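Heads up, input_32.csv below (CSV, C-alpha atoms):
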```
chain,number,residue,atom,x,y,z
A,1,MET,CA,4.1,-26.7,4.4
A,2,LEU,CA,0.7,-25.7,3.2
A,3,GLY,CA,1.6,-22.0,3.3
A,4,GLU,CA,4.8,-22.7,1.4
A,5,SER,CA,2.9,-24.7,-1.2
A,6,ILE,CA,0.4,-21.9,-1.7
A,7,GLY,CA,3.2,-19.4,-2.0
A,8,ARG,CA,5.0,-21.4,-4.6
A,9,GLY,CA,1.8,-21.9,-6.5
A,10,ALA,CA,1.0,-18.2,-6.5
A,11,MET,CA,4.6,-17.4,-7.7
A,12,ARG,CA,4.2,-19.8,-10.6
A,13,ILE,CA,1.0,-18.2,-11.6
A,14,ILE,CA,2.5,-14.7,-11.3
A,15,SER,CA,5.6,-15.8,-13.3
A,16,ALA,CA,3.4,-17.2,-16.0
A,17,MET,CA,1.4,-13.9,-16.2
A,18,VAL,CA,4.7,-11.9,-16.4
A,19,ARG,CA,6.0,-14.1,-19.2
A,20,GLY,CA,2.7,-13.8,-21.1
A,21,LEU,CA,2.6,-10.0,-20.7
A,22,ALA,CA,6.2,-9.7,-21.7
A,23,SER,CA,5.6,-11.8,-24.8
A,24,ALA,CA,2.6,-9.7,-25.7
A,25,GLY,CA,4.8,-6.6,-25.6
A,26,VAL,CA,2.7,-4.9,-22.8
A,27,HIS,CA,4.7,-2.0,-21.5
A,28,PRO,CA,5.2,-2.0,-17.7
A,29,ASN,CA,4.1,1.7,-17.4
A,30,ILE,CA,0.7,0.6,-18.9
A,31,LEU,CA,0.4,-2.0,-16.1
A,32,THR,CA,1.3,0.7,-13.5
A,33,THR,CA,-1.4,3.0,-14.9
A,34,ILE,CA,-4.0,0.2,-15.0
A,35,GLY,CA,-3.2,-0.6,-11.4
A,36,VAL,CA,-3.8,2.9,-10.1
A,37,SER,CA,-7.0,3.1,-12.2
A,38,ILE,CA,-8.3,0.0,-10.5
A,39,ASN,CA,-7.4,1.5,-7.1
A,40,ILE,CA,-9.5,4.5,-8.0
A,41,GLY,CA,-12.4,2.1,-8.7
A,42,CYS,CA,-11.7,0.7,-5.3
A,43,CYS,CA,-12.1,4.2,-3.8
A,44,VAL,CA,-15.5,4.5,-5.4
A,45,LEU,CA,-16.6,1.1,-4.0
A,46,PHE,CA,-15.4,2.0,-0.5
A,47,GLY,CA,-17.2,5.4,-0.8
A,48,PHE,CA,-20.5,3.6,-1.5
A,49,GLY,CA,-20.0,1.1,1.3
A,50,HIS,CA,-19.3,-1.9,-0.9
A,51,PHE,CA,-16.4,-2.9,1.3
A,52,PHE,CA,-16.2,-6.6,0.4
A,53,TRP,CA,-16.1,-5.9,-3.3
A,54,ALA,CA,-13.6,-3.1,-2.7
A,55,GLY,CA,-11.4,-5.7,-1.0
A,56,ILE,CA,-11.6,-8.0,-4.0
A,57,VAL,CA,-10.7,-5.1,-6.4
A,58,LEU,CA,-7.8,-4.1,-4.1
A,59,ILE,CA,-6.4,-7.6,-4.5
A,60,VAL,CA,-6.5,-7.3,-8.3
A,61,ALA,CA,-5.0,-3.8,-8.2
A,62,ASN,CA,-2.1,-5.0,-6.2
A,63,LEU,CA,-1.6,-7.9,-8.5
A,64,PHE,CA,-0.8,-5.3,-11.2
A,65,ASP,CA,1.5,-3.6,-8.7
A,66,MET,CA,3.5,-6.9,-8.6
A,67,LEU,CA,3.4,-7.4,-12.4
A,68,ASP,CA,4.8,-4.1,-13.6
A,69,GLY,CA,8.2,-4.3,-12.0
A,70,ASN,CA,8.6,-8.0,-13.0
A,71,VAL,CA,7.7,-7.3,-16.6
A,72,ALA,CA,10.1,-4.3,-16.7
A,73,ARG,CA,13.0,-6.5,-15.5
A,74,LEU,CA,12.1,-9.4,-17.8
A,75,THR,CA,11.9,-7.1,-20.9
A,76,GLY,CA,14.7,-4.8,-20.0
A,77,ASN,CA,12.4,-1.8,-19.7
A,78,VAL,CA,13.7,-0.7,-16.3
A,79,THR,CA,13.9,3.1,-16.5
A,80,LYS,CA,14.3,5.9,-14.1
A,81,PHE,CA,11.0,7.4,-15.2
A,82,GLY,CA,9.3,4.0,-14.8
A,83,SER,CA,10.5,3.8,-11.2
A,84,PHE,CA,9.4,7.3,-10.6
A,85,LEU,CA,6.0,6.7,-12.1
A,86,ASP,CA,5.5,3.5,-10.1
A,87,SER,CA,6.4,5.2,-6.8
A,88,SER,CA,4.3,8.2,-7.5
A,89,LEU,CA,1.2,6.3,-8.5
A,90,ASP,CA,1.6,4.0,-5.5
A,91,ARG,CA,1.2,7.0,-3.3
A,92,LEU,CA,-1.9,8.0,-5.3
A,93,SER,CA,-3.3,4.5,-5.0
A,94,ASP,CA,-2.8,4.6,-1.2
A,95,MET,CA,-4.5,7.9,-0.8
A,96,ALA,CA,-7.4,6.9,-3.1
A,97,VAL,CA,-8.2,3.9,-0.9
A,98,PHE,CA,-8.1,5.9,2.3
A,99,LEU,CA,-10.2,8.6,0.7
A,100,GLY,CA,-12.9,6.2,-0.2
A,101,ILE,CA,-13.1,4.9,3.4
A,102,MET,CA,-13.2,8.5,4.7
A,103,ILE,CA,-16.0,9.4,2.3
A,104,PHE,CA,-18.1,6.4,3.5
A,105,TYR,CA,-17.8,7.1,7.2
A,106,ALA,CA,-18.4,10.8,6.7
A,107,GLY,CA,-21.5,10.1,4.7
A,108,ASN,CA,-25.2,10.0,5.7
A,109,TRP,CA,-25.1,6.3,6.5
A,110,PRO,CA,-26.0,4.4,9.7
A,111,GLN,CA,-22.3,3.6,10.1
A,112,HIS,CA,-21.4,7.3,10.1
A,113,SER,CA,-18.4,7.9,12.3
A,114,LEU,CA,-16.2,10.9,12.6
A,115,LEU,CA,-13.7,8.8,14.6
A,116,ASN,CA,-13.3,6.4,11.7
A,117,VAL,CA,-12.9,9.4,9.4
A,118,ALA,CA,-10.1,10.8,11.6
A,119,LEU,CA,-8.4,7.4,11.9
A,120,ALA,CA,-8.4,6.9,8.1
A,121,GLY,CA,-7.1,10.4,7.7
A,122,VAL,CA,-4.3,9.8,10.2
A,123,GLY,CA,-3.5,6.5,8.5
A,124,MET,CA,-3.4,8.2,5.1
A,125,ILE,CA,-1.1,11.0,6.2
A,126,ALA,CA,1.3,8.8,8.1
A,127,SER,CA,1.5,6.1,5.4
A,128,VAL,CA,2.3,8.7,2.8
A,129,MET,CA,4.9,10.3,5.1
A,130,VAL,CA,6.5,6.9,5.7
A,131,SER,CA,7.0,6.5,2.0
A,132,TYR,CA,8.2,10.1,1.6
A,133,THR,CA,10.8,9.8,4.3
A,134,THR,CA,12.2,6.7,2.7
A,135,ALA,CA,12.4,8.4,-0.7
A,136,ARG,CA,13.9,11.6,0.7
A,137,SER,CA,16.5,9.8,2.8
A,138,GLU,CA,17.5,7.6,-0.1
A,139,GLY,CA,18.1,10.7,-2.2
A,140,LEU,CA,20.5,11.8,0.5
A,141,GLY,CA,22.3,8.5,0.8
A,142,VAL,CA,20.5,6.7,3.6
A,143,LYS,CA,18.4,3.6,3.0
A,144,ALA,CA,15.6,3.4,5.6
A,145,ASN,CA,13.3,0.5,5.0
A,146,VAL,CA,12.6,0.0,8.7
A,147,GLY,CA,9.4,-0.3,10.6
A,148,PHE,CA,6.9,-3.0,11.0
A,149,LEU,CA,4.0,-1.4,9.1
A,150,GLN,CA,5.2,-0.8,5.5
A,151,ARG,CA,3.1,-0.7,2.4
A,152,PRO,CA,2.6,-4.5,1.9
A,153,GLU,CA,1.4,-4.8,5.5
A,154,ARG,CA,-0.9,-1.9,5.1
A,155,VAL,CA,-2.4,-3.3,2.0
A,156,VAL,CA,-3.0,-6.7,3.7
A,157,LEU,CA,-4.7,-5.0,6.6
A,158,LEU,CA,-7.0,-3.0,4.3
A,159,ILE,CA,-7.9,-6.2,2.4
A,160,ILE,CA,-8.7,-8.0,5.7
A,161,GLY,CA,-10.8,-5.1,6.9
A,162,ALA,CA,-12.6,-4.9,3.6
A,163,LEU,CA,-13.3,-8.6,3.1
A,164,SER,CA,-14.6,-8.9,6.7
A,165,THR,CA,-17.1,-6.1,6.1
A,166,TRP,CA,-20.1,-7.4,4.1
A,167,ASP,CA,-22.9,-7.7,6.5
A,168,TRP,CA,-23.4,-4.5,8.4
A,169,ASN,CA,-26.2,-5.9,10.5
A,170,SER,CA,-24.2,-8.9,11.8
A,171,ASP,CA,-23.0,-9.0,15.4
A,172,ASN,CA,-20.5,-11.8,14.6
A,173,PHE,CA,-17.0,-10.9,16.0
A,174,LEU,CA,-15.4,-11.8,12.7
A,175,PHE,CA,-17.6,-9.4,10.7
A,176,ASN,CA,-17.1,-5.6,10.1
A,177,ARG,CA,-13.6,-5.3,11.3
A,178,MET,CA,-12.6,-2.2,9.4
A,179,PRO,CA,-12.9,0.1,12.4
A,180,GLN,CA,-10.4,-2.0,14.3
A,181,VAL,CA,-8.1,-2.2,11.2
A,182,LEU,CA,-8.2,1.6,11.0
A,183,TRP,CA,-6.9,1.8,14.6
A,184,VAL,CA,-4.0,-0.5,13.7
A,185,LEU,CA,-3.3,1.4,10.5
A,186,ALA,CA,-3.4,4.8,12.2
A,187,VAL,CA,-1.3,3.9,15.3
A,188,GLY,CA,1.0,1.5,13.4
A,189,SER,CA,1.7,4.0,10.6
A,190,VAL,CA,2.5,6.8,13.0
A,191,TRP,CA,4.8,4.5,15.0
A,192,THR,CA,6.5,3.4,11.9
A,193,LEU,CA,7.0,7.0,10.8
A,194,ILE,CA,8.6,7.9,14.2
A,195,HIS,CA,10.7,4.8,14.1
A,196,ARG,CA,11.9,5.5,10.6
A,197,MET,CA,12.7,9.2,11.3
A,198,TYR,CA,14.6,8.2,14.4
A,199,PHE,CA,16.6,5.6,12.4
A,200,ILE,CA,17.3,8.2,9.6
A,201,TRP,CA,18.5,10.7,12.2
A,202,GLY,CA,20.9,8.1,13.7
A,203,GLU,CA,22.2,7.2,10.3
A,204,PHE,CA,22.9,10.8,9.4
A,205,ARG,CA,24.7,11.3,12.7
A,206,ARG,CA,26.8,8.3,12.1
A,207,LEU,CA,27.7,9.4,8.5
A,208,GLU,CA,28.5,12.9,9.6
A,209,GLY,CA,30.6,11.5,12.4
A,210,ALA,CA,32.5,9.3,10.0
A,211,SER,CA,33.0,12.2,7.7
A,212,THR,CA,34.4,14.4,10.5
A,213,ALA,CA,36.7,11.7,11.6
A,214,GLY,CA,38.1,11.3,8.1
A,215,ASP,CA,38.9,15.0,7.7
```
Represent the structure from my file as structure tokens, please.
Amino acid sequence: MLGESIGRGAMRIISAMVRGLASAGVHPNILTTIGVSINIGCCVLFGFGHFFWAGIVLIVANLFDMLDGNVARLTGNVTKFGSFLDSSLDRLSDMAVFLGIMIFYAGNWPQHSLLNVALAGVGMIASVMVSYTTARSEGLGVKANVGFLQRPERVVLLIIGALSTWDWNSDNFLFNRMPQVLWVLAVGSVWTLIHRMYFIWGEFRRLEGASTAGD
């Protein structure tokens, strides 16, 4: 009940923001561009080790990611270019966040860790490939939104890892969970990519079989 109440309250706030932005005549592409700019700022914060504040900024950036599509639908500004821009800049946002994490763990800090750099790199590559396989398969007639670690889940995990990391010297189990989050992101994204590619392969086989049977 509490979760549903929070969800309804959040949706009312978002709906009010959407209506306000639409009334002000703000173009959805501007919101998309602002969102990716904020994510680049998040990259900088991660790179300097300010993980907690990077998590806060990441929440704000993804708020813009929710607003642009809703504003576009409300104002009738749904265009193919807008969809293309949103999808392309989402990939840039994802890579920027991972890049910031990689820069931090590759730097001359006490937390320096090549393992964490590698995990973030795998997570970045696999997450972008998950999105690419979906876009490519949809262009060929197969919808493939399968897999347990899609973009919303990845963003939530990054926010959890970031918000838990604010006292580097603490031994508390709840603090500094980003390395564990990177493991989940790397393994989960690779598994989702494999799952999605296998699903797409099966769908294409099914479509080709149906086409052959119809000839």
Please, which residues are within 9 Å of (0.9, -7.6, -14.0) by the file's coordinates, counting only C-alpha atoms, and could they come as number ranges by chain?
A: 14, 17-18, 21, 28, 31-32, 35, 62-71
Please measure the separation of atom CA of A:Thr33 and atom CA of A:Pro152, giving the value in Å to one decimal.
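So the answer is 18.8 Å.
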Take the point (-14.6, 6.4, -1.0) as written in the file and pick out every residue within 8 Å of it, counting all atoms listed in the file; give the list as JSON, numbers by chain.
{"A": [42, 43, 44, 45, 46, 47, 48, 49, 96, 97, 98, 99, 100, 101, 102, 103, 104]}
Which residue of A:Ser37, A:Ser87, A:Ser23, A:Thr134 approaches A:Met197 most closely, using all atoms listed in the file
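That would be A:Thr134, the residue with the smallest distance to A:Met197.
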One decimal, Å: what's the distance from atom CA of A:Phe51 over to atom CA of A:Ala162, could you say?
4.9 Å
Between atom CA of A:Glu138 and atom CA of A:Val184 - distance in Å to one decimal
26.8 Å
Under the rule that only C-alpha atoms are counted, which of A:Arg91, A:Arg154, A:Arg196, A:Arg73 is the nearest residue to A:Val130?
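Comparing A:Arg91, A:Arg154, A:Arg196, A:Arg73 against A:Val130, the winner is A:Arg196.
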Residue contacts of A:Leu182 (9 Å, all atoms listed in the file) excluding same-chain residues fewer than 2 positions away, as a PyMOL selection string:
chain A and resi 116+119-120+123+157-158+161+177-180+184-187
Report as JSON, numbers by chain all protein, DNA and RNA residues lying within 8 Å of A:Val146, evaluated on all atoms listed in the file, omitting residues in the same chain fewer than 5 positions from it.
{"A": [192, 195, 196, 199]}
Would you write out those residues with C-alpha atoms, as a PDB file, in the coordinates of the input?
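Result saved to selection_28.pdb:
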```pdb
ATOM      1  CA  THR A 192       6.500   3.400  11.900  1.00  0.00           C
ATOM      2  CA  HIS A 195      10.700   4.800  14.100  1.00  0.00           C
ATOM      3  CA  ARG A 196      11.900   5.500  10.600  1.00  0.00           C
ATOM      4  CA  PHE A 199      16.600   5.600  12.400  1.00  0.00           C
TER       5      PHE A 199
END
```
Report as a PyMOL selection string all protein, DNA and RNA residues lying within 12 Å of A:Gly141, evaluated on all atoms listed in the file, omitting residues in the same chain fewer than 6 positions from it.
chain A and resi 134-135+200+203-204+207-208
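The list of residues with at least one atom within 8 Å of A:Ile56, based on all atoms listed in the file and without residues fewer than 4 positions apart in the same chain, reads Phe52, Val60, Ile159 and Leu163 of chain A.
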Have a look at A:Val36, A:Ile30, A:Ala126, A:Ala118 and name the one nearest to A:Leu193; count all atoms listed in the file.
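Of all the options, A:Ala126 lies closest to A:Leu193.
Nearest to A:Arg19 of all the residues A:Gly82, A:Gly209, A:Ile34, A:Thr75 is A:Thr75, based on only C-alpha atoms.
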Residue among A:Val156, A:Asn29, A:Ile59, A:Ser15 lying closest to A:Phe84, counting all atoms listed in the file:
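Among the listed residues, the smallest separation from A:Phe84 belongs to A:Asn29.
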From A:Met95, A:Val117, A:Ile194, A:Val78, residue lying nearest A:Arg151 [only C-alpha atoms]:
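Comparing A:Met95, A:Val117, A:Ile194, A:Val78 against A:Arg151, the winner is A:Met95.
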Missing atoms in stretch 149-174 of chain A need filling: write out N, CA and C atoms for it as a CSV table (one decimal), keeping the file's coordinate frame.
```csv
chain,number,residue,atom,x,y,z
A,149,LEU,N,5.2,-1.6,9.9
A,149,LEU,CA,4.0,-1.4,9.1
A,149,LEU,C,4.3,-0.7,7.8
A,150,GLN,N,4.9,-1.4,6.8
A,150,GLN,CA,5.2,-0.8,5.5
A,150,GLN,C,4.1,-1.1,4.6
A,151,ARG,N,4.2,-0.7,3.3
A,151,ARG,CA,3.1,-0.7,2.4
A,151,ARG,C,2.5,-2.1,2.2
A,152,PRO,N,3.3,-3.2,2.1
A,152,PRO,CA,2.6,-4.5,1.9
A,152,PRO,C,1.7,-4.9,3.1
A,153,GLU,N,2.2,-4.5,4.3
A,153,GLU,CA,1.4,-4.8,5.5
A,153,GLU,C,0.2,-4.0,5.6
A,154,ARG,N,0.3,-2.7,5.1
A,154,ARG,CA,-0.9,-1.9,5.1
A,154,ARG,C,-2.0,-2.4,4.1
A,155,VAL,N,-1.5,-2.8,3.0
A,155,VAL,CA,-2.4,-3.3,2.0
A,155,VAL,C,-3.1,-4.6,2.5
A,156,VAL,N,-2.4,-5.5,3.1
A,156,VAL,CA,-3.0,-6.7,3.7
A,156,VAL,C,-4.0,-6.4,4.7
A,157,LEU,N,-3.7,-5.4,5.6
A,157,LEU,CA,-4.7,-5.0,6.6
A,157,LEU,C,-5.9,-4.5,6.0
A,158,LEU,N,-5.8,-3.6,5.0
A,158,LEU,CA,-7.0,-3.0,4.3
A,158,LEU,C,-7.8,-4.1,3.7
A,159,ILE,N,-7.2,-5.1,3.1
A,159,ILE,CA,-7.9,-6.2,2.4
A,159,ILE,C,-8.6,-7.0,3.5
A,160,ILE,N,-8.0,-7.3,4.6
A,160,ILE,CA,-8.7,-8.0,5.7
A,160,ILE,C,-9.9,-7.2,6.2
A,161,GLY,N,-9.7,-5.9,6.5
A,161,GLY,CA,-10.8,-5.1,6.9
A,161,GLY,C,-12.0,-5.1,5.9
A,162,ALA,N,-11.6,-5.0,4.6
A,162,ALA,CA,-12.6,-4.9,3.6
A,162,ALA,C,-13.4,-6.2,3.4
A,163,LEU,N,-12.7,-7.3,3.4
A,163,LEU,CA,-13.3,-8.6,3.1
A,163,LEU,C,-14.1,-9.1,4.3
A,164,SER,N,-13.8,-8.6,5.5
A,164,SER,CA,-14.6,-8.9,6.7
A,164,SER,C,-15.9,-8.1,6.8
A,165,THR,N,-16.0,-7.0,6.0
A,165,THR,CA,-17.1,-6.1,6.1
A,165,THR,C,-18.1,-6.3,5.0
A,166,TRP,N,-19.1,-7.2,5.1
A,166,TRP,CA,-20.1,-7.4,4.1
A,166,TRP,C,-21.5,-7.6,4.6
A,167,ASP,N,-21.6,-7.7,5.9
A,167,ASP,CA,-22.9,-7.7,6.5
A,167,ASP,C,-23.0,-6.8,7.7
A,168,TRP,N,-23.4,-5.5,7.4
A,168,TRP,CA,-23.4,-4.5,8.4
A,168,TRP,C,-24.3,-4.8,9.6
A,169,ASN,N,-25.3,-5.6,9.4
A,169,ASN,CA,-26.2,-5.9,10.5
A,169,ASN,C,-25.7,-7.1,11.4
A,170,SER,N,-24.6,-7.7,11.1
A,170,SER,CA,-24.2,-8.9,11.8
A,170,SER,C,-23.4,-8.4,13.1
A,171,ASP,N,-23.7,-9.2,14.2
A,171,ASP,CA,-23.0,-9.0,15.4
A,171,ASP,C,-21.8,-10.0,15.6
A,172,ASN,N,-21.6,-10.8,14.6
A,172,ASN,CA,-20.5,-11.8,14.6
A,172,ASN,C,-19.2,-11.1,14.8
A,173,PHE,N,-18.3,-11.6,15.7
A,173,PHE,CA,-17.0,-10.9,16.0
A,173,PHE,C,-16.2,-10.8,14.8
A,174,LEU,N,-16.3,-11.8,13.8
A,174,LEU,CA,-15.4,-11.8,12.7
A,174,LEU,C,-15.9,-10.8,11.6
```
